[in-house]
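Here is the file model_21.cif (mmCIF, N, CA and C atoms).
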```cif
data_model
loop_
_atom_site.label_atom_id
_atom_site.label_comp_id
_atom_site.auth_asym_id
_atom_site.auth_seq_id
_atom_site.Cartn_x
_atom_site.Cartn_y
_atom_site.Cartn_z
N MET A 1 54.75 -149.63 -19.94
CA MET A 1 54.42 -148.21 -19.79
C MET A 1 55.63 -147.39 -20.21
N LYS A 2 55.40 -146.41 -21.08
CA LYS A 2 56.46 -145.47 -21.47
C LYS A 2 56.44 -144.27 -20.53
N HIS A 3 57.60 -143.64 -20.37
CA HIS A 3 57.73 -142.46 -19.53
C HIS A 3 58.41 -141.35 -20.32
N SER A 4 57.88 -140.12 -20.17
CA SER A 4 58.49 -138.93 -20.74
C SER A 4 58.70 -137.93 -19.61
N ALA A 5 59.68 -137.05 -19.82
CA ALA A 5 59.92 -135.99 -18.84
C ALA A 5 60.17 -134.70 -19.59
N GLY A 6 59.70 -133.59 -19.01
CA GLY A 6 59.85 -132.31 -19.69
C GLY A 6 59.96 -131.15 -18.73
N ILE A 7 60.35 -130.01 -19.33
CA ILE A 7 60.53 -128.77 -18.59
C ILE A 7 59.50 -127.75 -19.08
N LEU A 8 58.75 -127.17 -18.14
CA LEU A 8 57.88 -126.05 -18.43
C LEU A 8 58.63 -124.80 -17.99
N LEU A 9 59.17 -124.07 -18.96
CA LEU A 9 59.87 -122.82 -18.66
C LEU A 9 58.84 -121.71 -18.58
N TYR A 10 58.94 -120.86 -17.56
CA TYR A 10 57.99 -119.76 -17.42
C TYR A 10 58.74 -118.51 -16.97
N THR A 11 58.14 -117.36 -17.26
CA THR A 11 58.75 -116.08 -16.91
C THR A 11 58.08 -115.52 -15.66
N GLU A 12 58.66 -114.46 -15.14
CA GLU A 12 58.08 -113.79 -13.98
C GLU A 12 56.66 -113.32 -14.28
N GLY A 13 56.40 -112.94 -15.54
CA GLY A 13 55.06 -112.52 -15.96
C GLY A 13 54.14 -113.67 -16.26
N MET A 14 54.60 -114.89 -16.05
CA MET A 14 53.84 -116.13 -16.23
C MET A 14 53.60 -116.50 -17.70
N ASP A 15 54.46 -116.05 -18.61
CA ASP A 15 54.43 -116.59 -19.96
C ASP A 15 55.10 -117.96 -19.90
N VAL A 16 54.70 -118.87 -20.78
CA VAL A 16 55.27 -120.22 -20.80
C VAL A 16 55.85 -120.51 -22.18
N LEU A 17 56.97 -121.22 -22.20
CA LEU A 17 57.62 -121.60 -23.46
C LEU A 17 57.05 -122.93 -23.93
N LEU A 18 56.50 -122.93 -25.14
CA LEU A 18 56.00 -124.15 -25.76
C LEU A 18 56.69 -124.36 -27.09
N VAL A 19 56.72 -125.62 -27.54
CA VAL A 19 57.36 -125.96 -28.80
C VAL A 19 56.36 -126.69 -29.70
N HIS A 20 56.60 -126.56 -31.00
CA HIS A 20 55.77 -127.23 -32.00
C HIS A 20 56.58 -128.37 -32.59
N PRO A 21 56.06 -129.59 -32.57
CA PRO A 21 56.83 -130.72 -33.10
C PRO A 21 57.06 -130.59 -34.61
N GLY A 22 58.27 -130.95 -35.03
CA GLY A 22 58.63 -130.87 -36.44
C GLY A 22 58.24 -132.12 -37.19
N GLY A 23 58.59 -132.14 -38.45
CA GLY A 23 58.31 -133.29 -39.31
C GLY A 23 57.05 -133.11 -40.10
N PRO A 24 56.95 -133.87 -41.17
CA PRO A 24 55.82 -133.69 -42.09
C PRO A 24 54.46 -134.04 -41.50
N HIS A 25 54.41 -134.93 -40.53
CA HIS A 25 53.12 -135.30 -39.93
C HIS A 25 52.54 -134.16 -39.09
N ASN A 26 53.38 -133.27 -38.61
CA ASN A 26 52.92 -132.20 -37.73
C ASN A 26 52.87 -130.83 -38.40
N SER A 27 53.30 -130.73 -39.65
CA SER A 27 53.43 -129.42 -40.29
C SER A 27 52.12 -128.66 -40.37
N LEU A 28 51.00 -129.33 -40.50
CA LEU A 28 49.71 -128.64 -40.62
C LEU A 28 48.90 -128.69 -39.33
N ARG A 29 49.44 -129.33 -38.31
CA ARG A 29 48.72 -129.45 -37.03
C ARG A 29 49.12 -128.31 -36.11
N ASP A 30 48.15 -127.75 -35.41
CA ASP A 30 48.41 -126.68 -34.44
C ASP A 30 48.50 -127.31 -33.05
N VAL A 31 49.57 -128.06 -32.84
CA VAL A 31 49.79 -128.78 -31.59
C VAL A 31 51.06 -128.25 -30.94
N TRP A 32 50.95 -127.80 -29.70
CA TRP A 32 52.08 -127.25 -28.96
C TRP A 32 52.23 -128.02 -27.66
N SER A 33 53.45 -128.11 -27.17
CA SER A 33 53.72 -128.86 -25.96
C SER A 33 54.95 -128.29 -25.28
N ILE A 34 55.23 -128.80 -24.10
CA ILE A 34 56.50 -128.46 -23.46
C ILE A 34 57.59 -129.32 -24.12
N PRO A 35 58.84 -128.88 -24.09
CA PRO A 35 59.92 -129.74 -24.57
C PRO A 35 60.02 -130.96 -23.65
N LYS A 36 59.85 -132.14 -24.24
CA LYS A 36 59.85 -133.36 -23.44
C LYS A 36 60.25 -134.54 -24.31
N GLY A 37 60.59 -135.63 -23.67
CA GLY A 37 60.93 -136.83 -24.42
C GLY A 37 60.98 -138.05 -23.52
N GLU A 38 61.06 -139.19 -24.16
CA GLU A 38 61.02 -140.46 -23.45
C GLU A 38 62.34 -140.77 -22.74
N PHE A 39 62.21 -141.55 -21.70
CA PHE A 39 63.37 -142.04 -20.97
C PHE A 39 63.03 -143.37 -20.33
N ASP A 40 64.05 -144.10 -19.95
CA ASP A 40 63.88 -145.38 -19.26
C ASP A 40 64.10 -145.14 -17.77
N PRO A 41 63.05 -145.31 -16.94
CA PRO A 41 63.19 -145.04 -15.50
C PRO A 41 64.26 -145.90 -14.83
N GLY A 42 64.61 -147.01 -15.43
CA GLY A 42 65.66 -147.85 -14.87
C GLY A 42 67.05 -147.32 -15.13
N ASP A 43 67.18 -146.41 -16.12
CA ASP A 43 68.48 -145.88 -16.52
C ASP A 43 68.69 -144.41 -16.20
N GLU A 44 67.61 -143.67 -15.98
CA GLU A 44 67.73 -142.21 -15.84
C GLU A 44 66.64 -141.71 -14.91
N ILE A 45 66.96 -140.69 -14.09
CA ILE A 45 65.93 -140.12 -13.24
C ILE A 45 65.16 -139.07 -14.06
N PRO A 46 63.89 -138.84 -13.73
CA PRO A 46 63.06 -137.96 -14.56
C PRO A 46 63.63 -136.56 -14.78
N TYR A 47 64.18 -135.91 -13.74
CA TYR A 47 64.69 -134.55 -13.94
C TYR A 47 65.88 -134.53 -14.90
N ASP A 48 66.79 -135.49 -14.78
CA ASP A 48 67.92 -135.55 -15.71
C ASP A 48 67.43 -135.74 -17.14
N ALA A 49 66.42 -136.58 -17.33
CA ALA A 49 65.85 -136.79 -18.66
C ALA A 49 65.20 -135.51 -19.18
N ALA A 50 64.51 -134.79 -18.30
CA ALA A 50 63.86 -133.54 -18.71
C ALA A 50 64.89 -132.52 -19.16
N VAL A 51 65.99 -132.39 -18.43
CA VAL A 51 67.04 -131.44 -18.80
C VAL A 51 67.68 -131.84 -20.13
N ARG A 52 67.94 -133.12 -20.31
CA ARG A 52 68.51 -133.62 -21.57
C ARG A 52 67.59 -133.32 -22.74
N GLU A 53 66.32 -133.64 -22.59
CA GLU A 53 65.36 -133.41 -23.67
C GLU A 53 65.18 -131.92 -23.95
N PHE A 54 65.19 -131.10 -22.91
CA PHE A 54 65.07 -129.66 -23.10
C PHE A 54 66.22 -129.15 -23.97
N HIS A 55 67.43 -129.62 -23.69
CA HIS A 55 68.59 -129.21 -24.48
C HIS A 55 68.47 -129.72 -25.93
N GLU A 56 68.09 -130.96 -26.12
CA GLU A 56 67.96 -131.52 -27.47
C GLU A 56 66.91 -130.78 -28.29
N GLU A 57 65.82 -130.38 -27.65
CA GLU A 57 64.72 -129.78 -28.41
C GLU A 57 64.80 -128.27 -28.54
N THR A 58 65.61 -127.60 -27.70
CA THR A 58 65.69 -126.14 -27.79
C THR A 58 67.10 -125.63 -28.05
N GLY A 59 68.11 -126.45 -27.77
CA GLY A 59 69.50 -126.01 -27.88
C GLY A 59 69.96 -125.25 -26.65
N PHE A 60 69.08 -124.99 -25.70
CA PHE A 60 69.42 -124.26 -24.49
C PHE A 60 69.90 -125.22 -23.40
N THR A 61 70.91 -124.78 -22.65
CA THR A 61 71.41 -125.56 -21.53
C THR A 61 70.97 -124.90 -20.23
N LEU A 62 70.34 -125.67 -19.39
CA LEU A 62 69.96 -125.17 -18.07
C LEU A 62 71.17 -125.29 -17.17
N ASP A 63 71.31 -124.36 -16.23
CA ASP A 63 72.49 -124.41 -15.36
C ASP A 63 72.12 -124.88 -13.96
N LYS A 64 73.13 -125.15 -13.17
CA LYS A 64 72.95 -125.71 -11.83
C LYS A 64 72.17 -124.78 -10.90
N ASN A 65 72.14 -123.47 -11.20
CA ASN A 65 71.42 -122.51 -10.35
C ASN A 65 69.93 -122.49 -10.62
N ASP A 66 69.50 -123.09 -11.72
CA ASP A 66 68.07 -123.16 -12.01
C ASP A 66 67.43 -124.13 -11.02
N ARG A 67 66.38 -123.63 -10.34
CA ARG A 67 65.74 -124.45 -9.32
C ARG A 67 64.43 -125.00 -9.86
N PRO A 68 64.38 -126.30 -10.13
CA PRO A 68 63.16 -126.88 -10.67
C PRO A 68 62.10 -127.08 -9.59
N LEU A 69 60.87 -126.93 -10.01
CA LEU A 69 59.73 -127.24 -9.17
C LEU A 69 59.05 -128.44 -9.82
N PHE A 70 58.96 -129.55 -9.12
CA PHE A 70 58.27 -130.72 -9.67
C PHE A 70 56.78 -130.46 -9.65
N ILE A 71 56.18 -130.39 -10.82
CA ILE A 71 54.74 -130.13 -10.92
C ILE A 71 53.96 -131.41 -10.67
N GLY A 72 54.45 -132.51 -11.21
CA GLY A 72 53.77 -133.78 -11.02
C GLY A 72 53.92 -134.69 -12.21
N SER A 73 53.29 -135.84 -12.10
CA SER A 73 53.27 -136.83 -13.17
C SER A 73 51.83 -137.02 -13.60
N GLN A 74 51.63 -137.06 -14.90
CA GLN A 74 50.27 -137.19 -15.44
C GLN A 74 50.25 -138.34 -16.43
N GLN A 75 49.28 -139.21 -16.29
CA GLN A 75 49.13 -140.27 -17.26
C GLN A 75 48.51 -139.67 -18.51
N GLN A 76 49.29 -139.64 -19.59
CA GLN A 76 48.84 -139.01 -20.83
C GLN A 76 47.96 -139.96 -21.65
N SER A 77 48.20 -141.24 -21.53
CA SER A 77 47.42 -142.26 -22.21
C SER A 77 47.56 -143.54 -21.37
N PRO A 78 46.87 -144.58 -21.76
CA PRO A 78 47.05 -145.83 -21.00
C PRO A 78 48.48 -146.37 -21.07
N TYR A 79 49.28 -145.83 -21.99
CA TYR A 79 50.61 -146.35 -22.23
C TYR A 79 51.74 -145.39 -21.90
N LYS A 80 51.41 -144.15 -21.45
CA LYS A 80 52.47 -143.16 -21.26
C LYS A 80 52.18 -142.25 -20.08
N THR A 81 53.24 -142.02 -19.25
CA THR A 81 53.19 -141.08 -18.14
C THR A 81 54.21 -139.98 -18.40
N VAL A 82 53.80 -138.73 -18.18
CA VAL A 82 54.69 -137.58 -18.38
C VAL A 82 55.00 -136.95 -17.02
N HIS A 83 56.29 -136.73 -16.76
CA HIS A 83 56.76 -136.10 -15.52
C HIS A 83 57.20 -134.68 -15.87
N VAL A 84 56.65 -133.67 -15.17
CA VAL A 84 56.88 -132.28 -15.55
C VAL A 84 57.53 -131.49 -14.42
N PHE A 85 58.55 -130.70 -14.81
CA PHE A 85 59.27 -129.82 -13.90
C PHE A 85 59.15 -128.40 -14.44
N ALA A 86 58.94 -127.44 -13.56
CA ALA A 86 58.85 -126.03 -13.97
C ALA A 86 60.09 -125.29 -13.49
N ILE A 87 60.57 -124.37 -14.35
CA ILE A 87 61.71 -123.52 -14.01
C ILE A 87 61.39 -122.11 -14.48
N ARG A 88 61.58 -121.14 -13.59
CA ARG A 88 61.37 -119.74 -13.96
C ARG A 88 62.65 -119.19 -14.57
N LYS A 89 62.57 -118.90 -15.86
CA LYS A 89 63.74 -118.42 -16.60
C LYS A 89 63.27 -117.96 -17.97
N TYR A 90 63.88 -116.87 -18.46
CA TYR A 90 63.58 -116.39 -19.81
C TYR A 90 64.72 -116.80 -20.73
N MET A 91 64.36 -117.25 -21.93
CA MET A 91 65.34 -117.53 -22.97
C MET A 91 64.81 -116.96 -24.28
N ASP A 92 65.70 -116.40 -25.06
CA ASP A 92 65.33 -115.77 -26.33
C ASP A 92 65.09 -116.85 -27.38
N VAL A 93 63.83 -117.01 -27.78
CA VAL A 93 63.49 -118.09 -28.72
C VAL A 93 64.11 -117.90 -30.10
N SER A 94 64.56 -116.68 -30.41
CA SER A 94 65.21 -116.48 -31.72
C SER A 94 66.54 -117.24 -31.77
N GLU A 95 67.06 -117.64 -30.61
CA GLU A 95 68.31 -118.39 -30.55
C GLU A 95 68.09 -119.90 -30.41
N ALA A 96 66.84 -120.33 -30.35
CA ALA A 96 66.53 -121.75 -30.16
C ALA A 96 66.77 -122.54 -31.45
N HIS A 97 67.18 -123.77 -31.28
CA HIS A 97 67.32 -124.70 -32.40
C HIS A 97 67.19 -126.12 -31.86
N SER A 98 66.71 -126.99 -32.69
CA SER A 98 66.42 -128.36 -32.28
C SER A 98 67.37 -129.34 -32.96
N ASN A 99 67.50 -130.51 -32.34
CA ASN A 99 68.19 -131.59 -33.03
C ASN A 99 67.29 -132.08 -34.16
N THR A 100 67.77 -133.00 -34.95
CA THR A 100 67.00 -133.49 -36.10
C THR A 100 66.82 -135.00 -36.02
N PHE A 101 65.92 -135.51 -36.84
CA PHE A 101 65.72 -136.95 -36.96
C PHE A 101 65.54 -137.27 -38.44
N GLN A 102 65.79 -138.51 -38.79
CA GLN A 102 65.62 -138.95 -40.17
C GLN A 102 64.42 -139.87 -40.27
N MET A 103 63.71 -139.75 -41.37
CA MET A 103 62.61 -140.67 -41.66
C MET A 103 62.39 -140.70 -43.16
N GLU A 104 61.80 -141.78 -43.61
CA GLU A 104 61.48 -141.87 -45.03
C GLU A 104 60.17 -141.14 -45.28
N TRP A 105 60.20 -140.21 -46.22
CA TRP A 105 59.01 -139.43 -46.57
C TRP A 105 58.94 -139.35 -48.08
N ASN A 106 57.82 -139.76 -48.65
CA ASN A 106 57.64 -139.81 -50.10
C ASN A 106 58.73 -140.65 -50.76
N GLY A 107 59.11 -141.75 -50.08
CA GLY A 107 60.07 -142.68 -50.65
C GLY A 107 61.52 -142.24 -50.55
N ILE A 108 61.79 -141.13 -49.86
CA ILE A 108 63.14 -140.60 -49.76
C ILE A 108 63.49 -140.43 -48.28
N LEU A 109 64.70 -140.86 -47.89
CA LEU A 109 65.16 -140.63 -46.53
C LEU A 109 65.47 -139.15 -46.36
N GLN A 110 64.76 -138.50 -45.44
CA GLN A 110 64.92 -137.06 -45.25
C GLN A 110 65.19 -136.73 -43.79
N GLU A 111 65.75 -135.55 -43.55
CA GLU A 111 66.04 -135.10 -42.20
C GLU A 111 65.10 -133.94 -41.85
N PHE A 112 64.55 -134.00 -40.63
CA PHE A 112 63.62 -133.00 -40.16
C PHE A 112 64.01 -132.56 -38.75
N PRO A 113 63.69 -131.29 -38.39
CA PRO A 113 63.93 -130.88 -36.99
C PRO A 113 62.91 -131.55 -36.08
N GLU A 114 63.36 -131.93 -34.89
CA GLU A 114 62.43 -132.51 -33.93
C GLU A 114 61.39 -131.47 -33.50
N VAL A 115 61.82 -130.21 -33.43
CA VAL A 115 60.94 -129.08 -33.10
C VAL A 115 61.15 -128.03 -34.18
N ASP A 116 60.05 -127.51 -34.75
CA ASP A 116 60.22 -126.53 -35.82
C ASP A 116 59.81 -125.10 -35.43
N ARG A 117 59.18 -124.94 -34.26
CA ARG A 117 58.83 -123.60 -33.79
C ARG A 117 58.91 -123.53 -32.27
N PHE A 118 59.29 -122.36 -31.78
CA PHE A 118 59.43 -122.11 -30.35
C PHE A 118 58.70 -120.80 -30.07
N GLU A 119 57.86 -120.78 -29.06
CA GLU A 119 57.09 -119.56 -28.83
C GLU A 119 56.71 -119.41 -27.36
N TRP A 120 56.73 -118.17 -26.89
CA TRP A 120 56.22 -117.85 -25.56
C TRP A 120 54.73 -117.59 -25.67
N PHE A 121 53.96 -118.17 -24.77
CA PHE A 121 52.50 -118.00 -24.74
C PHE A 121 52.10 -117.44 -23.37
N THR A 122 51.06 -116.61 -23.37
CA THR A 122 50.48 -116.19 -22.09
C THR A 122 49.64 -117.36 -21.56
N LEU A 123 49.30 -117.32 -20.30
CA LEU A 123 48.47 -118.39 -19.75
C LEU A 123 47.09 -118.43 -20.42
N ASP A 124 46.56 -117.26 -20.80
CA ASP A 124 45.26 -117.23 -21.48
C ASP A 124 45.33 -117.91 -22.84
N GLU A 125 46.45 -117.73 -23.54
CA GLU A 125 46.61 -118.36 -24.85
C GLU A 125 46.72 -119.87 -24.70
#
```
Rewrite the coordinates I just gave you, this time as structure tokens.
Amino acid sequence: MKHSAGILLYTEGMDVLLVHPGGPHNSLRDVWSIPKGEFDPGDEIPYDAAVREFHEETGFTLDKNDRPLFIGSQQQSPYKTVHVFAIRKYMDVSEAHSNTFQMEWNGILQEFPEVDRFEWFTLDE
């Protein structure tokens, strides 16, 4: 079983920060998610993994005063469980940036952002 952990950032007005996965496989897909990533439960606790992944995917660092609310764990597939923490905080998405990954695409080793878009959504959206 694989495990992922992520942060759902939300504002006082209940807007939520979602990210769009980068890379050529996702460029035409309208798929949005919270910043999250895999971790090994034997090596890292879920909240630490969520904070690490949030930083890697947004470039933002959460501080010690941010108080997380554990929302829960959800089995996303028969092979993966996602652990989600919510934090009320606003961040300017114009300052967001993601780490990158390399993959072979069209026979050439290329570099792509792990996340290519960052956006605040209302709960209705």
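The residues of chain A that DSSP assigns to alpha helix (DSSP H) on this backbone come out as Pro46, Tyr47, Asp48, Ala49, Ala50, Val51, Arg52, Glu53, Phe54, His55, Glu56, Glu57 and Thr58 of chain A.
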Would you pick out the contacts of Leu69 in chain A at 6.5 Å or less, using all atoms listed in the file, so that residues sharing its chain but fewer than 3 positions from it are not included, and give the list as a PyMOL selection string? chain A and resi 72+84-87
How about saving the chosen residues, N, CA and C atoms kept, as a CSV table (one decimal), in the frame of the given file?
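Final file, again31.csv:
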```csv
chain,number,residue,atom,x,y,z
A,72,GLY,N,54.4,-132.5,-11.2
A,72,GLY,CA,53.8,-133.8,-11.0
A,72,GLY,C,53.9,-134.7,-12.2
A,84,VAL,N,56.6,-133.7,-15.2
A,84,VAL,CA,56.9,-132.3,-15.6
A,84,VAL,C,57.5,-131.5,-14.4
A,85,PHE,N,58.6,-130.7,-14.8
A,85,PHE,CA,59.3,-129.8,-13.9
A,85,PHE,C,59.2,-128.4,-14.4
A,86,ALA,N,58.9,-127.4,-13.6
A,86,ALA,CA,58.8,-126.0,-14.0
A,86,ALA,C,60.1,-125.3,-13.5
A,87,ILE,N,60.6,-124.4,-14.4
A,87,ILE,CA,61.7,-123.5,-14.0
A,87,ILE,C,61.4,-122.1,-14.5
```
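Evaluating the PyMOL selection byres ((chain A and resi 54) around 8) against the shown model yields A:Ala5, A:Gly6, A:Ile7, A:Ile34, A:Pro35, A:Lys36, A:Gly37, A:Asp48, A:Ala49, A:Ala50, A:Val51, A:Arg52, A:Glu53, A:His55, A:Glu56, A:Glu57, A:Thr58, A:Gly59, A:Phe60, A:Thr61, A:Leu62.
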Near-range 90-92 of chain A list (6 Å; all atoms listed in the file; drop same-chain fewer than 3 positions) as a PyMOL selection string: chain A and resi 10-11+95-96
Keeping only N, CA and C atoms, take the residues you just selected and write them out as a PDB file, in the coordinates of the input.
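Final file, again.pdb:
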```pdb
ATOM      1  N   TYR A  10      58.940-120.860 -17.560  1.00  0.00           N
ATOM      2  CA  TYR A  10      57.990-119.760 -17.420  1.00  0.00           C
ATOM      3  C   TYR A  10      58.740-118.510 -16.970  1.00  0.00           C
ATOM      4  N   THR A  11      58.140-117.360 -17.260  1.00  0.00           N
ATOM      5  CA  THR A  11      58.750-116.080 -16.910  1.00  0.00           C
ATOM      6  C   THR A  11      58.080-115.520 -15.660  1.00  0.00           C
ATOM      7  N   GLU A  95      67.060-117.640 -30.610  1.00  0.00           N
ATOM      8  CA  GLU A  95      68.310-118.390 -30.550  1.00  0.00           C
ATOM      9  C   GLU A  95      68.090-119.900 -30.410  1.00  0.00           C
ATOM     10  N   ALA A  96      66.840-120.330 -30.350  1.00  0.00           N
ATOM     11  CA  ALA A  96      66.530-121.750 -30.160  1.00  0.00           C
ATOM     12  C   ALA A  96      66.770-122.540 -31.450  1.00  0.00           C
TER      13      ALA A  96
END
```
Expressed in Å to a single decimal, how great is the separation between atom C of Tyr47 in chain A and atom N of Leu8 in chain A? 10.7 Å
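The residues caught by the PyMOL selection byres ((chain A and resi 4) around 5) in this file are Lys2, His3, Ala5, Gly6, Gly37, Glu38, Phe39, Thr81, Val82 and His83 of chain A.
The residues returned by the PyMOL selection byres ((chain A and resi 17) around 8) on the shown structure are Ile7, Leu8, Leu9, Tyr10, Thr11, Met14, Asp15, Val16, Leu18, Val19, His20, Trp32, Ser33, Ile34, Pro35, Phe118, Glu119, Trp120, Phe121 and Thr122 of chain A.
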Where is the centre and how long are the edges: axis-aligned box on range 44-51 of chain A, 3 Å on each side, Å to one decimal, as lines of an AutoDock Vina configuration file:
```
center_x = 65.5
center_y = -137.6
center_z = -16.7
size_x = 10.9
size_y = 18.2
size_z = 12.9
```
What parts of range 8-124 of chain A does DSSP call strand (DSSP E)? I'd like the answer as number ranges by chain. A: 8-10, 16-21, 36-39, 69-77, 80-88, 100-105, 108-113, 115-121
Store the residues of this selection in a file with N, CA and C atoms, as a compact mmCIF listing (two decimals), keeping the file's coordinate frame.
```txt
# COMPACT_ATOMS: atom_id res chain seq x y z
N LEU A 8 58.75 -127.17 -18.14
CA LEU A 8 57.88 -126.05 -18.43
C LEU A 8 58.63 -124.80 -17.99
N LEU A 9 59.17 -124.07 -18.96
CA LEU A 9 59.87 -122.82 -18.66
C LEU A 9 58.84 -121.71 -18.58
N TYR A 10 58.94 -120.86 -17.56
CA TYR A 10 57.99 -119.76 -17.42
C TYR A 10 58.74 -118.51 -16.97
N VAL A 16 54.70 -118.87 -20.78
CA VAL A 16 55.27 -120.22 -20.80
C VAL A 16 55.85 -120.51 -22.18
N LEU A 17 56.97 -121.22 -22.20
CA LEU A 17 57.62 -121.60 -23.46
C LEU A 17 57.05 -122.93 -23.93
N LEU A 18 56.50 -122.93 -25.14
CA LEU A 18 56.00 -124.15 -25.76
C LEU A 18 56.69 -124.36 -27.09
N VAL A 19 56.72 -125.62 -27.54
CA VAL A 19 57.36 -125.96 -28.80
C VAL A 19 56.36 -126.69 -29.70
N HIS A 20 56.60 -126.56 -31.00
CA HIS A 20 55.77 -127.23 -32.00
C HIS A 20 56.58 -128.37 -32.59
N PRO A 21 56.06 -129.59 -32.57
CA PRO A 21 56.83 -130.72 -33.10
C PRO A 21 57.06 -130.59 -34.61
N LYS A 36 59.85 -132.14 -24.24
CA LYS A 36 59.85 -133.36 -23.44
C LYS A 36 60.25 -134.54 -24.31
N GLY A 37 60.59 -135.63 -23.67
CA GLY A 37 60.93 -136.83 -24.42
C GLY A 37 60.98 -138.05 -23.52
N GLU A 38 61.06 -139.19 -24.16
CA GLU A 38 61.02 -140.46 -23.45
C GLU A 38 62.34 -140.77 -22.74
N PHE A 39 62.21 -141.55 -21.70
CA PHE A 39 63.37 -142.04 -20.97
C PHE A 39 63.03 -143.37 -20.33
N LEU A 69 60.87 -126.93 -10.01
CA LEU A 69 59.73 -127.24 -9.17
C LEU A 69 59.05 -128.44 -9.82
N PHE A 70 58.96 -129.55 -9.12
CA PHE A 70 58.27 -130.72 -9.67
C PHE A 70 56.78 -130.46 -9.65
N ILE A 71 56.18 -130.39 -10.82
CA ILE A 71 54.74 -130.13 -10.92
C ILE A 71 53.96 -131.41 -10.67
N GLY A 72 54.45 -132.51 -11.21
CA GLY A 72 53.77 -133.78 -11.02
C GLY A 72 53.92 -134.69 -12.21
N SER A 73 53.29 -135.84 -12.10
CA SER A 73 53.27 -136.83 -13.17
C SER A 73 51.83 -137.02 -13.60
N GLN A 74 51.63 -137.06 -14.90
CA GLN A 74 50.27 -137.19 -15.44
C GLN A 74 50.25 -138.34 -16.43
N GLN A 75 49.28 -139.21 -16.29
CA GLN A 75 49.13 -140.27 -17.26
C GLN A 75 48.51 -139.67 -18.51
N GLN A 76 49.29 -139.64 -19.59
CA GLN A 76 48.84 -139.01 -20.83
C GLN A 76 47.96 -139.96 -21.65
N SER A 77 48.20 -141.24 -21.53
CA SER A 77 47.42 -142.26 -22.21
C SER A 77 47.56 -143.54 -21.37
N LYS A 80 51.41 -144.15 -21.45
CA LYS A 80 52.47 -143.16 -21.26
C LYS A 80 52.18 -142.25 -20.08
N THR A 81 53.24 -142.02 -19.25
CA THR A 81 53.19 -141.08 -18.14
C THR A 81 54.21 -139.98 -18.40
N VAL A 82 53.80 -138.73 -18.18
CA VAL A 82 54.69 -137.58 -18.38
C VAL A 82 55.00 -136.95 -17.02
N HIS A 83 56.29 -136.73 -16.76
CA HIS A 83 56.76 -136.10 -15.52
C HIS A 83 57.20 -134.68 -15.87
N VAL A 84 56.65 -133.67 -15.17
CA VAL A 84 56.88 -132.28 -15.55
C VAL A 84 57.53 -131.49 -14.42
N PHE A 85 58.55 -130.70 -14.81
CA PHE A 85 59.27 -129.82 -13.90
C PHE A 85 59.15 -128.40 -14.44
N ALA A 86 58.94 -127.44 -13.56
CA ALA A 86 58.85 -126.03 -13.97
C ALA A 86 60.09 -125.29 -13.49
N ILE A 87 60.57 -124.37 -14.35
CA ILE A 87 61.71 -123.52 -14.01
C ILE A 87 61.39 -122.11 -14.48
N ARG A 88 61.58 -121.14 -13.59
CA ARG A 88 61.37 -119.74 -13.96
C ARG A 88 62.65 -119.19 -14.57
N THR A 100 67.77 -133.00 -34.95
CA THR A 100 67.00 -133.49 -36.10
C THR A 100 66.82 -135.00 -36.02
N PHE A 101 65.92 -135.51 -36.84
CA PHE A 101 65.72 -136.95 -36.96
C PHE A 101 65.54 -137.27 -38.44
N GLN A 102 65.79 -138.51 -38.79
CA GLN A 102 65.62 -138.95 -40.17
C GLN A 102 64.42 -139.87 -40.27
N MET A 103 63.71 -139.75 -41.37
CA MET A 103 62.61 -140.67 -41.66
C MET A 103 62.39 -140.70 -43.16
N GLU A 104 61.80 -141.78 -43.61
CA GLU A 104 61.48 -141.87 -45.03
C GLU A 104 60.17 -141.14 -45.28
N TRP A 105 60.20 -140.21 -46.22
CA TRP A 105 59.01 -139.43 -46.57
C TRP A 105 58.94 -139.35 -48.08
N ILE A 108 61.79 -141.13 -49.86
CA ILE A 108 63.14 -140.60 -49.76
C ILE A 108 63.49 -140.43 -48.28
N LEU A 109 64.70 -140.86 -47.89
CA LEU A 109 65.16 -140.63 -46.53
C LEU A 109 65.47 -139.15 -46.36
N GLN A 110 64.76 -138.50 -45.44
CA GLN A 110 64.92 -137.06 -45.25
C GLN A 110 65.19 -136.73 -43.79
N GLU A 111 65.75 -135.55 -43.55
CA GLU A 111 66.04 -135.10 -42.20
C GLU A 111 65.10 -133.94 -41.85
N PHE A 112 64.55 -134.00 -40.63
CA PHE A 112 63.62 -133.00 -40.16
C PHE A 112 64.01 -132.56 -38.75
N PRO A 113 63.69 -131.29 -38.39
CA PRO A 113 63.93 -130.88 -36.99
C PRO A 113 62.91 -131.55 -36.08
N VAL A 115 61.82 -130.21 -33.43
CA VAL A 115 60.94 -129.08 -33.10
C VAL A 115 61.15 -128.03 -34.18
N ASP A 116 60.05 -127.51 -34.75
CA ASP A 116 60.22 -126.53 -35.82
C ASP A 116 59.81 -125.10 -35.43
N ARG A 117 59.18 -124.94 -34.26
CA ARG A 117 58.83 -123.60 -33.79
C ARG A 117 58.91 -123.53 -32.27
N PHE A 118 59.29 -122.36 -31.78
CA PHE A 118 59.43 -122.11 -30.35
C PHE A 118 58.70 -120.80 -30.07
N GLU A 119 57.86 -120.78 -29.06
CA GLU A 119 57.09 -119.56 -28.83
C GLU A 119 56.71 -119.41 -27.36
N TRP A 120 56.73 -118.17 -26.89
CA TRP A 120 56.22 -117.85 -25.56
C TRP A 120 54.73 -117.59 -25.67
N PHE A 121 53.96 -118.17 -24.77
CA PHE A 121 52.50 -118.00 -24.74
C PHE A 121 52.10 -117.44 -23.37
```
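Taking all atoms listed in the file into account, Lys89 in chain A lies nearest to A:Asp66 out of the set A:Asp66, A:Asp30, A:Pro24, A:Asp40.
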Between atom N of Met1 in chain A and atom C of Pro41 in chain A - distance in Å to one decimal: 11.4 Å
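One finds atom C of Ser77 in chain A at 21.9 Å from atom C of Asn26 in chain A.
Distance check against Pro68 in chain A using all atoms listed in the file: of A:Arg29, A:Arg88, A:Lys80, A:Gly107, the minimum falls on A:Arg88.
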Could you check which residues have any atom within 6.5 Å of (64.9, -132.8, -35.9), counting only N, CA and C atoms with coordinates taken straight from the file, and then list them as a PyMOL selection string? chain A and resi 98-102+111-115
